[in-house]
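**Student:** For reference, this is input_20.csv, and it has CSV, C-alpha atoms.
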chain,number,residue,atom,x,y,z
N,1,THR,CA,90.4,110.9,81.0
N,2,SER,CA,94.1,110.9,79.9
N,3,PRO,CA,95.3,108.2,77.5
N,4,TYR,CA,98.6,108.3,79.5
N,5,SER,CA,97.0,107.6,82.9
N,6,PHE,CA,96.3,104.1,84.4
N,7,GLN,CA,93.8,102.4,82.1
N,8,GLY,CA,92.8,99.4,84.2
N,9,LEU,CA,93.9,95.8,83.9
N,10,GLY,CA,91.4,94.5,81.3
N,11,ILE,CA,90.7,90.8,81.4
N,12,GLU,CA,93.3,90.3,84.2
N,13,GLY,CA,91.3,92.8,86.3
N,14,LEU,CA,88.1,90.9,85.7
N,15,LYS,CA,89.8,87.7,86.9
N,16,TYR,CA,90.8,89.5,90.1
N,17,LEU,CA,87.1,90.6,90.6
N,18,LYS,CA,85.9,87.0,90.1
N,19,GLU,CA,88.4,85.8,92.6
N,20,ALA,CA,87.3,88.4,95.1
N,21,LYS,CA,83.7,87.4,94.6
N,22,GLU,CA,84.5,83.7,95.2
N,23,ARG,CA,86.4,84.6,98.4
N,24,THR,CA,83.8,87.0,99.8
N,25,GLY,CA,80.5,86.1,98.2
N,26,LEU,CA,80.0,89.7,97.3
N,27,PRO,CA,78.6,90.6,93.8
N,28,VAL,CA,81.0,92.6,91.6
N,29,ILE,CA,80.5,95.5,89.2
N,30,SER,CA,82.8,96.8,86.4
N,31,GLU,CA,82.6,99.5,83.7
N,32,ILE,CA,82.0,98.5,80.1
N,33,MET,CA,83.1,100.9,77.4
N,34,ASP,CA,82.9,98.8,74.2
N,35,PRO,CA,80.0,96.7,73.0
N,36,ARG,CA,82.5,94.1,71.8
N,37,ASP,CA,83.5,93.4,75.4
N,38,ILE,CA,80.0,92.4,76.6
N,39,ASP,CA,80.3,88.6,76.1
N,40,VAL,CA,83.5,88.5,78.0
N,41,MET,CA,82.3,90.6,80.9
N,42,LEU,CA,79.1,88.6,81.3
N,43,ASP,CA,81.3,85.7,82.6
N,44,TYR,CA,82.9,87.8,85.3
N,45,VAL,CA,80.6,90.5,86.6
N,46,ASP,CA,77.2,90.8,88.2
N,47,ILE,CA,76.5,94.4,87.2
N,48,LEU,CA,77.6,96.3,84.1
N,49,GLN,CA,78.5,99.9,84.7
N,50,ILE,CA,78.0,102.6,82.0
N,51,GLY,CA,80.3,105.5,82.9
N,52,THR,CA,79.5,109.2,82.7
N,53,ARG,CA,81.2,109.7,79.3
N,54,ASN,CA,79.2,106.9,77.8
N,55,MET,CA,75.8,107.8,79.1
N,56,GLN,CA,74.7,108.8,75.6
N,57,ASN,CA,76.7,106.1,73.7
N,58,PHE,CA,73.4,104.8,72.3
N,59,LYS,CA,74.8,101.8,70.6
N,60,LEU,CA,76.4,100.7,73.9
N,61,LEU,CA,73.1,101.3,75.8
N,62,MET,CA,71.1,99.2,73.3
N,63,GLU,CA,73.6,96.4,73.5
N,64,VAL,CA,73.5,96.2,77.3
N,65,GLY,CA,69.8,96.5,77.0
N,66,SER,CA,69.8,93.2,75.2
N,67,VAL,CA,71.4,91.2,77.9
N,68,ASP,CA,70.0,89.8,81.2
N,69,LYS,CA,72.4,91.6,83.5
N,70,PRO,CA,71.8,94.7,85.8
N,71,VAL,CA,73.1,97.9,84.4
N,72,LEU,CA,74.3,100.9,86.5
N,73,LEU,CA,73.9,104.0,84.4
N,74,LYS,CA,75.9,107.0,85.5
N,75,ARG,CA,74.6,110.5,84.8
N,76,GLY,CA,76.6,112.3,82.2
N,77,MET,CA,78.8,115.1,83.6
N,78,SER,CA,76.7,117.8,81.9
N,79,ALA,CA,73.4,115.8,81.4
N,80,THR,CA,70.0,117.0,82.5
N,81,ILE,CA,67.7,114.7,84.5
N,82,LYS,CA,65.6,114.2,81.3
N,83,GLU,CA,68.7,113.2,79.3
N,84,LEU,CA,69.6,110.6,82.0
N,85,LEU,CA,66.1,109.2,81.9
N,86,MET,CA,66.1,109.0,78.2
N,87,ALA,CA,69.4,107.2,78.2
N,88,ALA,CA,67.9,104.7,80.6
N,89,GLU,CA,65.0,104.3,78.1
N,90,TYR,CA,67.5,103.1,75.5
N,91,ILE,CA,68.3,100.2,77.8
N,92,LEU,CA,64.8,99.5,78.9
N,93,SER,CA,63.4,99.6,75.4
N,94,ARG,CA,65.6,96.6,74.5
N,95,GLY,CA,64.0,94.5,77.3
N,96,ASN,CA,66.5,94.9,80.1
N,97,GLU,CA,64.5,96.3,83.1
N,98,LYS,CA,67.3,96.0,85.6
N,99,VAL,CA,68.6,99.5,85.4
N,100,ILE,CA,70.1,101.6,88.3
N,101,LEU,CA,70.4,105.3,87.9
N,102,CYS,CA,73.5,106.9,89.3
N,103,GLU,CA,74.0,110.5,90.4
N,104,ARG,CA,77.8,111.2,90.4
N,105,GLY,CA,78.1,114.9,90.2
N,106,ILE,CA,77.7,117.3,87.3
N,107,ARG,CA,80.1,119.9,85.9
N,108,THR,CA,79.4,123.5,87.0
N,109,PHE,CA,81.4,126.7,87.4
N,110,GLU,CA,82.5,125.6,90.9
N,111,THR,CA,86.1,124.4,91.1
N,112,ALA,CA,86.5,123.8,94.9
N,113,THR,CA,85.2,120.2,94.3
N,114,ARG,CA,85.8,117.8,91.5
N,115,ASN,CA,82.1,118.0,90.5
N,116,THR,CA,78.9,119.4,92.0
N,117,LEU,CA,77.0,116.5,93.6
N,118,ASP,CA,73.3,117.1,92.8
N,119,LEU,CA,71.5,115.6,95.7
N,120,SER,CA,68.2,117.1,94.5
N,121,ALA,CA,68.4,114.6,91.7
N,122,ILE,CA,67.7,111.8,94.1
N,123,PRO,CA,64.1,112.6,95.2
N,124,LEU,CA,63.4,114.0,91.7
N,125,LEU,CA,64.5,110.8,89.9
N,126,LYS,CA,62.5,108.7,92.4
N,127,SER,CA,59.4,110.8,91.7
N,128,LEU,CA,59.8,110.5,87.9
N,129,SER,CA,60.9,106.9,87.7
N,130,HIS,CA,60.5,103.5,89.4
N,131,LEU,CA,64.2,102.8,89.0
N,132,PRO,CA,66.5,102.6,92.0
N,133,VAL,CA,68.9,105.5,92.5
N,134,ALA,CA,72.6,105.2,93.4
N,135,VAL,CA,74.9,108.0,94.4
N,136,ASP,CA,78.6,108.2,93.9
N,137,PRO,CA,79.9,110.9,96.4
N,138,SER,CA,83.5,109.9,95.7
N,139,HIS,CA,83.5,111.2,92.2
N,140,GLY,CA,80.9,113.8,93.1
N,141,VAL,CA,83.3,115.7,95.4
N,142,GLY,CA,86.7,114.3,94.6
N,143,LYS,CA,88.0,115.0,98.1
N,144,ARG,CA,88.3,112.3,100.8
N,145,ASP,CA,87.1,114.5,103.7
N,146,LEU,CA,83.9,115.4,101.9
N,147,VAL,CA,82.8,111.9,100.9
N,148,ALA,CA,81.3,110.8,104.2
N,149,PRO,CA,79.1,113.9,104.7
N,150,MET,CA,77.8,113.7,101.2
N,151,ALA,CA,77.2,109.9,101.5
N,152,VAL,CA,75.1,110.5,104.7
N,153,ALA,CA,73.2,113.3,103.0
N,154,ALA,CA,72.5,111.1,100.0
N,155,VAL,CA,71.0,108.4,102.2
N,156,ALA,CA,68.9,111.1,103.9
N,157,ALA,CA,67.7,112.2,100.5
N,158,GLY,CA,66.6,108.7,99.5
N,159,ALA,CA,69.5,107.1,97.8
N,160,ASP,CA,69.2,103.3,97.4
N,161,MET,CA,72.8,102.6,96.9
N,162,LEU,CA,76.2,104.2,97.4
N,163,LEU,CA,79.4,103.9,95.4
N,164,ILE,CA,82.4,104.6,97.7
N,165,GLU,CA,86.0,104.3,96.7
N,166,VAL,CA,88.2,102.6,99.3
N,167,HIS,CA,91.9,101.9,99.3
N,168,THR,CA,94.3,100.6,102.0
N,169,ASN,CA,96.9,103.2,100.9
N,170,PRO,CA,95.2,106.0,99.0
N,171,GLU,CA,98.5,107.9,98.5
N,172,GLU,CA,99.7,105.0,96.3
N,173,ALA,CA,96.5,104.4,94.4
N,174,LEU,CA,96.9,104.3,90.7
N,175,SER,CA,93.7,106.4,90.2
N,176,ASP,CA,91.5,108.6,92.4
N,177,GLY,CA,93.5,108.2,95.5
N,178,GLU,CA,92.6,111.7,96.7
N,179,GLN,CA,88.9,110.7,97.0
N,180,SER,CA,89.5,107.2,98.4
N,181,LEU,CA,88.7,106.4,102.0
N,182,THR,CA,90.8,104.1,104.1
N,183,PRO,CA,89.1,101.0,105.4
N,184,GLU,CA,88.8,102.7,108.9
N,185,GLN,CA,87.3,105.8,107.4
N,186,PHE,CA,84.8,103.7,105.4
N,187,LYS,CA,83.8,101.9,108.6
N,188,ASN,CA,83.2,105.2,110.4
N,189,MET,CA,81.2,106.5,107.5
N,190,MET,CA,79.0,103.4,107.5
N,191,GLU,CA,78.2,103.9,111.1
N,192,LYS,CA,77.0,107.4,110.4
N,193,VAL,CA,75.0,106.1,107.3
N,194,LYS,CA,73.3,103.5,109.4
N,195,ALA,CA,72.4,106.0,112.1
N,196,VAL,CA,70.9,108.4,109.6
N,197,ALA,CA,69.0,105.6,107.9
N,198,MET,CA,67.6,104.4,111.2
N,199,ALA,CA,66.6,108.0,112.2
N,200,ILE,CA,64.5,108.4,109.0
N,201,GLY,CA,63.0,104.9,109.2
N,202,ARG,CA,65.1,103.3,106.5
N,203,GLU,CA,67.0,100.0,106.5
N,204,VAL,CA,70.6,99.6,105.5
If you took the structure in this file and wrote it as structure tokens, what would it be?
**Tutor:**
Amino acid sequence: TSPYSFQGLGIEGLKYLKEAKERTGLPVISEIMDPRDIDVMLDYVDILQIGTRNMQNFKLLMEVGSVDKPVLLKRGMSATIKELLMAAEYILSRGNEKVILCERGIRTFETATRNTLDLSAIPLLKSLSHLPVAVDPSHGVGKRDLVAPMAVAAVAAGADMLLIEVHTNPEEALSDGEQSLTPEQFKNMMEKVKAVAMAIGREV
């Protein structure tokens, strides 16, 4: 948000992601903010992420709609469900059908949490669209101790995917440390997620 805060590592960061993928076999995702970066990012990431502030950057949406790479589209901080779906249509209309919708909290009058995580959006989006729905409880609440309860609730509501921020030392994180779980907290959260998923007949 601030031009004076940590802005990421650019191409160096992408190289780190590629190395992490090679070591673990896990697919990687990174946010794209400029259409001019698409060609470079295609060589490094498996999923392109469109952040909340770019949900209605229609030029960017059309550009990622023209590539054969999954796109995770985050809901704008003040966007309605219809606006989110219309943003997805910009991608779909260019031929890219690999779109994941993401609920990450919306801006309301409430200040106790970073945003207001709209869990009702999950079943609503799934009833209105065939697209998978991800939930980002980390940005949704902005507080470490609230992430796990909201992640569990998101799975119970039908979320297909979770975005969870994890850091080995959250106090020293360059961004979003206050909402990052430690690896042990993440492990405990996943045990609860699995239990809830099993209880409602879902697979993890």
**Student:** Kindly indicate which residue among N:Leu174, N:Leu117, N:Ile11, N:Ile50 lies nearest to Ala151 of chain N, using all atoms listed in the file for the distances.
**Tutor:**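 When distances to Ala151 of chain N are compared using all atoms listed in the file, the smallest one comes from N:Leu117.
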**Student:** So which residues touch Gln185 of chain N within 9 Å, counting all atoms listed in the file, skipping near sequence neighbours fewer than 4 positions away, as a count of residues only?
**Tutor:** 5
**Student:** Could you please give me, as a ChimeraX atom specification, the residues of protein, DNA or RNA lying at most 12 Å from (82.9, 89.5, 89.2) in the coordinate frame of the file, considering only C-alpha atoms?
**Tutor:** /N:11-31,40-48
**Student:** How many Å separate atom CA of Lys69 of chain N from atom CA of Ala197 of chain N?
**Tutor:** 28.3 Å
**Student:** Would you kindly return, as a list of chain:residue names, each protein, DNA or RNA residue with an atom no farther than 8 Å from any atom of Asp160 of chain N, considering all atoms listed in the file and excluding same-chain residues fewer than 2 positions away?
**Tutor:**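 In the requested form, the answer reads N:Pro132, N:Val133, N:Ala134, N:Val135, N:Val155, N:Gly158, N:Leu162.
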**Student:** What's around segment 105-107 of chain N at 12 Å? Count all atoms listed in the file, leave out sequence neighbours fewer than 2 positions away in its own chain, and write the answer as an MDAnalysis selection string.
**Tutor:** chainID N and resid 52:53 74:81 84 102:103 109:122 134:142 150 154
**Student:** Write the residues of the preceding selection, restricted to C-alpha atoms, as a PDB file, in the frame of the given file.
**Tutor:**
ATOM      1  CA  THR N  52      79.500 109.200  82.700  1.00  0.00           C
ATOM      2  CA  ARG N  53      81.200 109.700  79.300  1.00  0.00           C
ATOM      3  CA  LYS N  74      75.900 107.000  85.500  1.00  0.00           C
ATOM      4  CA  ARG N  75      74.600 110.500  84.800  1.00  0.00           C
ATOM      5  CA  GLY N  76      76.600 112.300  82.200  1.00  0.00           C
ATOM      6  CA  MET N  77      78.800 115.100  83.600  1.00  0.00           C
ATOM      7  CA  SER N  78      76.700 117.800  81.900  1.00  0.00           C
ATOM      8  CA  ALA N  79      73.400 115.800  81.400  1.00  0.00           C
ATOM      9  CA  THR N  80      70.000 117.000  82.500  1.00  0.00           C
ATOM     10  CA  ILE N  81      67.700 114.700  84.500  1.00  0.00           C
ATOM     11  CA  LEU N  84      69.600 110.600  82.000  1.00  0.00           C
ATOM     12  CA  CYS N 102      73.500 106.900  89.300  1.00  0.00           C
ATOM     13  CA  GLU N 103      74.000 110.500  90.400  1.00  0.00           C
ATOM     14  CA  PHE N 109      81.400 126.700  87.400  1.00  0.00           C
ATOM     15  CA  GLU N 110      82.500 125.600  90.900  1.00  0.00           C
ATOM     16  CA  THR N 111      86.100 124.400  91.100  1.00  0.00           C
ATOM     17  CA  ALA N 112      86.500 123.800  94.900  1.00  0.00           C
ATOM     18  CA  THR N 113      85.200 120.200  94.300  1.00  0.00           C
ATOM     19  CA  ARG N 114      85.800 117.800  91.500  1.00  0.00           C
ATOM     20  CA  ASN N 115      82.100 118.000  90.500  1.00  0.00           C
ATOM     21  CA  THR N 116      78.900 119.400  92.000  1.00  0.00           C
ATOM     22  CA  LEU N 117      77.000 116.500  93.600  1.00  0.00           C
ATOM     23  CA  ASP N 118      73.300 117.100  92.800  1.00  0.00           C
ATOM     24  CA  LEU N 119      71.500 115.600  95.700  1.00  0.00           C
ATOM     25  CA  SER N 120      68.200 117.100  94.500  1.00  0.00           C
ATOM     26  CA  ALA N 121      68.400 114.600  91.700  1.00  0.00           C
ATOM     27  CA  ILE N 122      67.700 111.800  94.100  1.00  0.00           C
ATOM     28  CA  ALA N 134      72.600 105.200  93.400  1.00  0.00           C
ATOM     29  CA  VAL N 135      74.900 108.000  94.400  1.00  0.00           C
ATOM     30  CA  ASP N 136      78.600 108.200  93.900  1.00  0.00           C
ATOM     31  CA  PRO N 137      79.900 110.900  96.400  1.00  0.00           C
ATOM     32  CA  SER N 138      83.500 109.900  95.700  1.00  0.00           C
ATOM     33  CA  HIS N 139      83.500 111.200  92.200  1.00  0.00           C
ATOM     34  CA  GLY N 140      80.900 113.800  93.100  1.00  0.00           C
ATOM     35  CA  VAL N 141      83.300 115.700  95.400  1.00  0.00           C
ATOM     36  CA  GLY N 142      86.700 114.300  94.600  1.00  0.00           C
ATOM     37  CA  MET N 150      77.800 113.700 101.200  1.00  0.00           C
ATOM     38  CA  ALA N 154      72.500 111.100 100.000  1.00  0.00           C
TER      39      ALA N 154
END
**Student:** Would you kindly return, as an MDAnalysis selection string, each protein, DNA or RNA residue with an atom no farther than 10 Å from any atom of Ala195 of chain N, considering all atoms listed in the file and excluding same-chain residues fewer than 6 positions away?
**Tutor:** chainID N and resid 152 189 201:204
**Student:** Counting only C-alpha atoms, note down every residue that has an atom within 8 Å of the point (78.4, 102.6, 75.9) (file coordinates), as a list in words.
**Tutor:**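 Residues satisfying the cut-off, written out: Ile32, Met33, Asp34, Pro35, Ile50, Gly51, Asn54, Met55, Gln56, Asn57, Phe58, Lys59, Leu60 and Leu61 of chain N.
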**Student:** Just the number, please: distance in Å from atom CA of Asp145 of chain N to atom CA of Ser5 of chain N, one decimal.
**Tutor:**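 Calculated distance between atom CA of Asp145 of chain N and atom CA of Ser5 of chain N is 24.0 Å.
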**Student:** Atom CA of Glu63 of chain N and atom CA of Ile91 of chain N are how many Å apart?
**Tutor:**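 Separating atom CA of Glu63 of chain N from atom CA of Ile91 of chain N is a distance of 7.8 Å.
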